[in-house]
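As structure tokens, the structure follows; a few thoughts come after it.
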Amino acid sequence: AHFRSLVLPTGSEHHAAVISLLSEIWELVAQEPEHYEILVRNGLSNLVCILLQIQKEASDDPSQTAYGLRLERRLHQMLDHIHVHYGEHITLDDLASTAAISKTEVMRCFKSIIGKSPIRYLMEYRLQQAAYLLLHTENTVQQIGECCGFEDNSYFAKSFRVMYQVTPTEYRRRRFQE
């Protein structure tokens with residue numbers, strides 16, 4: 001199956017199911033219970049079934065497919081920009097320029113497809129990258145914060161704690177104690 005043109009707007013009937021499955025799969029991979037590989041494979045199979053259903057419904061409406069492709073192309077350009085430059089200062093103007101659209105369209109595109117603002121997405125992406133680096137490098141917490149786009153170490157620690165319920169140092173220590 002080819003899901004390149006698939007758009008899953010927030011609030012659509014399948015949105016909650018997809019988010020729930022992805023959360024379950026993520027937890028399984030993070031916790032690695034016995035036979036988790038089979039459970040993950042099962043979750044991914046269920047996810048593909050839902051995506052196939054969404055694709056079938058979208059293909060019944062040609063105007064939705066063209067609109068979805070346009071939205072997806074714009075979002076893909078902006079996400080690529082974020083994923084490459086997340087450690088740098090990124091503004092709405094930067095994202096708008098990347099996709100050749102207005103700042104208002106940037107906001108609408110993120111909200112309708114991802115369900116959050118581009119700034120929130122950027123923040124969460126930076127924190128995910130920081131969490132990865134905490135576990136896979138020996139860089140200091142400050143170095144990791146800086147390379148992930150946080151100029152202020154205390155803001156990095158506070159933001160990290162909000163997302164992960166522990167400080168970056170505790171996150172690193174707990175993971176290695178398991």
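A note on labels: chains of the structure tokens are A, B, ... as shown, every chain counts residues from 1, and ligands are counted from 1 in their shown order.
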Against stretch 8-19 of chain A, which residues of stretch 112-161 of chain A fall within 12 Å? For each one I want the closest pair of atoms and the distance in Å (one decimal), counting only C-alpha atoms, rows by chain and increasing residue number, as JSON lines.
```
{"residue": "A:Ser112", "atom": "CA", "partner": "A:Pro9", "partner_atom": "CA", "distance": 5.1}
{"residue": "A:Ile113", "atom": "CA", "partner": "A:Pro9", "partner_atom": "CA", "distance": 4.5}
{"residue": "A:Ile114", "atom": "CA", "partner": "A:Thr10", "partner_atom": "CA", "distance": 6.7}
{"residue": "A:Gly115", "atom": "CA", "partner": "A:Thr10", "partner_atom": "CA", "distance": 5.3}
{"residue": "A:Lys116", "atom": "CA", "partner": "A:Thr10", "partner_atom": "CA", "distance": 9.0}
```
Selected residues written out, N, CA, C and O atoms, as a compact mmCIF listing (two decimals), in the first residue's frame:
```
# COMPACT_ATOMS: atom_id res chain seq x y z
N SER A 112 -4.56 21.38 11.05
CA SER A 112 -5.51 20.46 10.42
C SER A 112 -4.95 19.06 10.24
O SER A 112 -5.70 18.09 10.30
N ILE A 113 -3.65 18.92 10.06
CA ILE A 113 -3.09 17.59 9.82
C ILE A 113 -2.47 17.01 11.09
O ILE A 113 -2.72 15.85 11.44
N ILE A 114 -1.67 17.77 11.79
CA ILE A 114 -0.96 17.26 12.95
C ILE A 114 -1.74 17.49 14.24
O ILE A 114 -1.60 16.76 15.20
N GLY A 115 -2.56 18.53 14.26
CA GLY A 115 -3.36 18.80 15.45
C GLY A 115 -2.67 19.66 16.48
O GLY A 115 -3.11 19.74 17.62
N LYS A 116 -1.57 20.29 16.10
CA LYS A 116 -0.87 21.18 17.02
C LYS A 116 -0.19 22.28 16.22
O LYS A 116 -0.03 22.16 15.02
```
Would you pick out the contacts of A:Leu122 at 9 Å or less, using only C-alpha atoms, so that residues sharing its chain but fewer than 6 positions from it are not included, and give the list as a ChimeraX atom specification?
/A:79,82-83,86,90
I'd like the neighbourhood of A:Asp80 as a list of chain:residue names, where a residue qualifies if any of its atoms comes within 12 Å (using only C-alpha atoms), though same-chain residues fewer than 5 positions away should be ignored.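 With the cut-off at 12 Å, the set is A:Glu72, A:Arg73, A:Arg74, A:Leu75, A:His85, A:Tyr86, A:Leu95, A:Thr98, A:Ala99, A:Leu122, A:Tyr125.
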Please save all heavy atoms of the selected residues as a short mmCIF file (atom, residue, chain, number, x, y, z; two decimals), in the first residue's frame.
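Okay, out.cif is ready:
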```cif
data_model
loop_
_atom_site.label_atom_id
_atom_site.label_comp_id
_atom_site.auth_asym_id
_atom_site.auth_seq_id
_atom_site.Cartn_x
_atom_site.Cartn_y
_atom_site.Cartn_z
N GLU A 72 -0.34 17.85 2.09
CA GLU A 72 0.74 16.95 2.48
C GLU A 72 2.08 17.44 1.94
O GLU A 72 3.08 17.39 2.65
CB GLU A 72 0.44 15.53 1.98
CG GLU A 72 1.42 14.54 2.56
CD GLU A 72 2.12 13.70 1.53
OE1 GLU A 72 2.26 14.13 0.38
OE2 GLU A 72 2.53 12.60 1.88
N ARG A 73 2.10 17.92 0.71
CA ARG A 73 3.34 18.42 0.12
C ARG A 73 3.87 19.62 0.92
O ARG A 73 5.05 19.69 1.23
CB ARG A 73 3.10 18.79 -1.34
CG ARG A 73 4.36 19.17 -2.09
CD ARG A 73 4.14 19.34 -3.59
NE ARG A 73 3.04 20.22 -3.93
CZ ARG A 73 1.86 19.80 -4.42
NH1 ARG A 73 1.65 18.53 -4.65
NH2 ARG A 73 0.90 20.66 -4.70
N ARG A 74 2.98 20.53 1.27
CA ARG A 74 3.40 21.70 2.06
C ARG A 74 3.92 21.28 3.43
O ARG A 74 4.97 21.74 3.88
CB ARG A 74 2.23 22.66 2.24
CG ARG A 74 1.83 23.36 0.97
CD ARG A 74 0.58 24.17 1.18
NE ARG A 74 0.25 24.93 -0.01
CZ ARG A 74 -0.92 25.51 -0.20
NH1 ARG A 74 -1.87 25.43 0.71
NH2 ARG A 74 -1.14 26.19 -1.30
N LEU A 75 3.17 20.42 4.08
CA LEU A 75 3.57 19.97 5.41
C LEU A 75 4.90 19.23 5.34
O LEU A 75 5.78 19.43 6.19
CB LEU A 75 2.49 19.09 6.04
CG LEU A 75 2.79 18.65 7.46
CD1 LEU A 75 2.82 19.85 8.41
CD2 LEU A 75 1.77 17.63 7.93
N HIS A 85 16.82 21.47 10.68
CA HIS A 85 17.29 22.69 11.34
C HIS A 85 16.78 22.86 12.76
O HIS A 85 16.83 23.98 13.29
CB HIS A 85 16.89 23.91 10.50
CG HIS A 85 17.44 23.90 9.10
ND1 HIS A 85 18.74 24.21 8.83
CD2 HIS A 85 16.86 23.58 7.92
CE1 HIS A 85 18.95 24.10 7.52
NE2 HIS A 85 17.83 23.71 6.95
N TYR A 86 16.31 21.81 13.41
CA TYR A 86 15.70 21.94 14.74
C TYR A 86 16.63 22.55 15.78
O TYR A 86 16.19 23.15 16.74
CB TYR A 86 15.17 20.59 15.24
CG TYR A 86 16.23 19.58 15.58
CD1 TYR A 86 16.75 19.50 16.87
CD2 TYR A 86 16.72 18.70 14.63
CE1 TYR A 86 17.74 18.58 17.19
CE2 TYR A 86 17.69 17.78 14.93
CZ TYR A 86 18.20 17.71 16.22
OH TYR A 86 19.16 16.81 16.52
N LEU A 95 9.26 28.81 8.12
CA LEU A 95 8.42 27.71 7.64
C LEU A 95 7.57 28.15 6.46
O LEU A 95 7.41 27.41 5.49
CB LEU A 95 7.54 27.18 8.77
CG LEU A 95 8.30 26.53 9.93
CD1 LEU A 95 7.33 26.12 11.04
CD2 LEU A 95 9.11 25.33 9.46
N THR A 98 9.71 28.28 3.43
CA THR A 98 10.06 26.93 2.98
C THR A 98 8.98 26.33 2.09
O THR A 98 9.27 25.69 1.09
CB THR A 98 10.27 26.01 4.22
OG1 THR A 98 11.37 26.52 4.96
CG2 THR A 98 10.55 24.59 3.81
N ALA A 99 7.70 26.56 2.45
CA ALA A 99 6.60 25.98 1.70
C ALA A 99 5.95 26.98 0.74
O ALA A 99 4.95 26.65 0.08
CB ALA A 99 5.54 25.43 2.65
N LEU A 122 7.66 21.80 16.92
CA LEU A 122 9.10 22.03 16.97
C LEU A 122 9.64 21.76 18.37
O LEU A 122 10.65 21.07 18.54
CB LEU A 122 9.44 23.45 16.53
CG LEU A 122 10.89 23.90 16.69
CD1 LEU A 122 11.83 23.04 15.86
CD2 LEU A 122 11.02 25.37 16.32
N TYR A 125 9.59 18.06 19.08
CA TYR A 125 10.62 17.38 18.30
C TYR A 125 11.99 17.61 18.92
O TYR A 125 12.80 16.68 19.04
CB TYR A 125 10.60 17.86 16.84
CG TYR A 125 11.54 17.07 15.97
CD1 TYR A 125 11.20 15.80 15.52
CD2 TYR A 125 12.79 17.57 15.62
CE1 TYR A 125 12.08 15.06 14.73
CE2 TYR A 125 13.67 16.84 14.84
CZ TYR A 125 13.30 15.59 14.40
OH TYR A 125 14.17 14.84 13.63
#
```
Can I get the residues of stretch 109-132 of chain A within 9 Å of stretch 161-178 of chain A, each with the closest pair of atoms and their distance in Å to one decimal, using only C-alpha atoms, sorted chain first then ascending number, as CSV?
```
residue,atom,partner,partner_atom,distance
A:Glu124,CA,A:Met163,CA,7.9
A:Leu127,CA,A:Met163,CA,7.8
A:Ala130,CA,A:Pro168,CA,8.4
A:Ala131,CA,A:Pro168,CA,7.5
```
Those selected residues, please, written with all heavy atoms and delivered as a tab-separated table (two decimals), in the first residue's frame.
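Result file out.tsv:
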```
chain	number	residue	atom	x	y	z
A	124	GLU	N	8.34	19.88	20.78
A	124	GLU	CA	8.27	18.45	21.09
A	124	GLU	C	9.35	17.67	20.33
A	124	GLU	O	9.95	16.75	20.87
A	124	GLU	CB	6.88	17.91	20.79
A	124	GLU	CG	5.84	18.42	21.77
A	124	GLU	CD	4.43	17.99	21.45
A	124	GLU	OE1	4.21	17.24	20.46
A	124	GLU	OE2	3.52	18.40	22.19
A	127	LEU	N	12.67	18.20	22.03
A	127	LEU	CA	12.75	17.44	23.28
A	127	LEU	C	12.92	15.94	23.01
A	127	LEU	O	13.64	15.25	23.73
A	127	LEU	CB	11.52	17.72	24.14
A	127	LEU	CG	11.45	19.14	24.71
A	127	LEU	CD1	10.09	19.41	25.34
A	127	LEU	CD2	12.57	19.39	25.71
A	130	ALA	N	16.49	15.51	22.14
A	130	ALA	CA	17.28	15.64	23.37
A	130	ALA	C	17.21	14.34	24.17
A	130	ALA	O	18.24	13.86	24.68
A	130	ALA	CB	16.79	16.82	24.20
A	131	ALA	N	16.02	13.76	24.30
A	131	ALA	CA	15.87	12.50	25.04
A	131	ALA	C	16.73	11.41	24.40
A	131	ALA	O	17.41	10.64	25.09
A	131	ALA	CB	14.40	12.08	25.08
```
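Every protein or nucleic acid residue with an atom no more than 8 Å from stretch 38-47 of chain A, counting only C-alpha atoms and leaving out same-chain residues fewer than 6 positions away, appears here: Val18, Leu21, Leu22, Glu24, Ile25, Leu28 and Val29 of chain A.
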DSSP on the backbone, then: every residue of chain A marked alpha helix (DSSP H), written as an MDAnalysis selection string. chainID A and resid 15:31 36:59 62:85 92:99 103:113 118:136 141:147 153:164 168:177
As a check of understanding: the span from atom CA of A:Cys148 to atom CA of A:Ser23 is 23.8 Å
- Query: Between A:Glu32, A:Gly87, A:His81, A:Ser20, which one has atoms that come closest to A:Met123, using only C-alpha atoms?
  - Reply: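 Among A:Glu32, A:Gly87, A:His81, A:Ser20, it is A:Gly87 that comes nearest to A:Met123.
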From atom CA of A:His35 to atom CA of A:Ile50 the spacing works out at 23.5 Å
Just the number, please: distance in Å from atom CA of A:Ser159 to atom CA of A:Arg126, one decimal.
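Distance between the two atoms: 10.1 Å.
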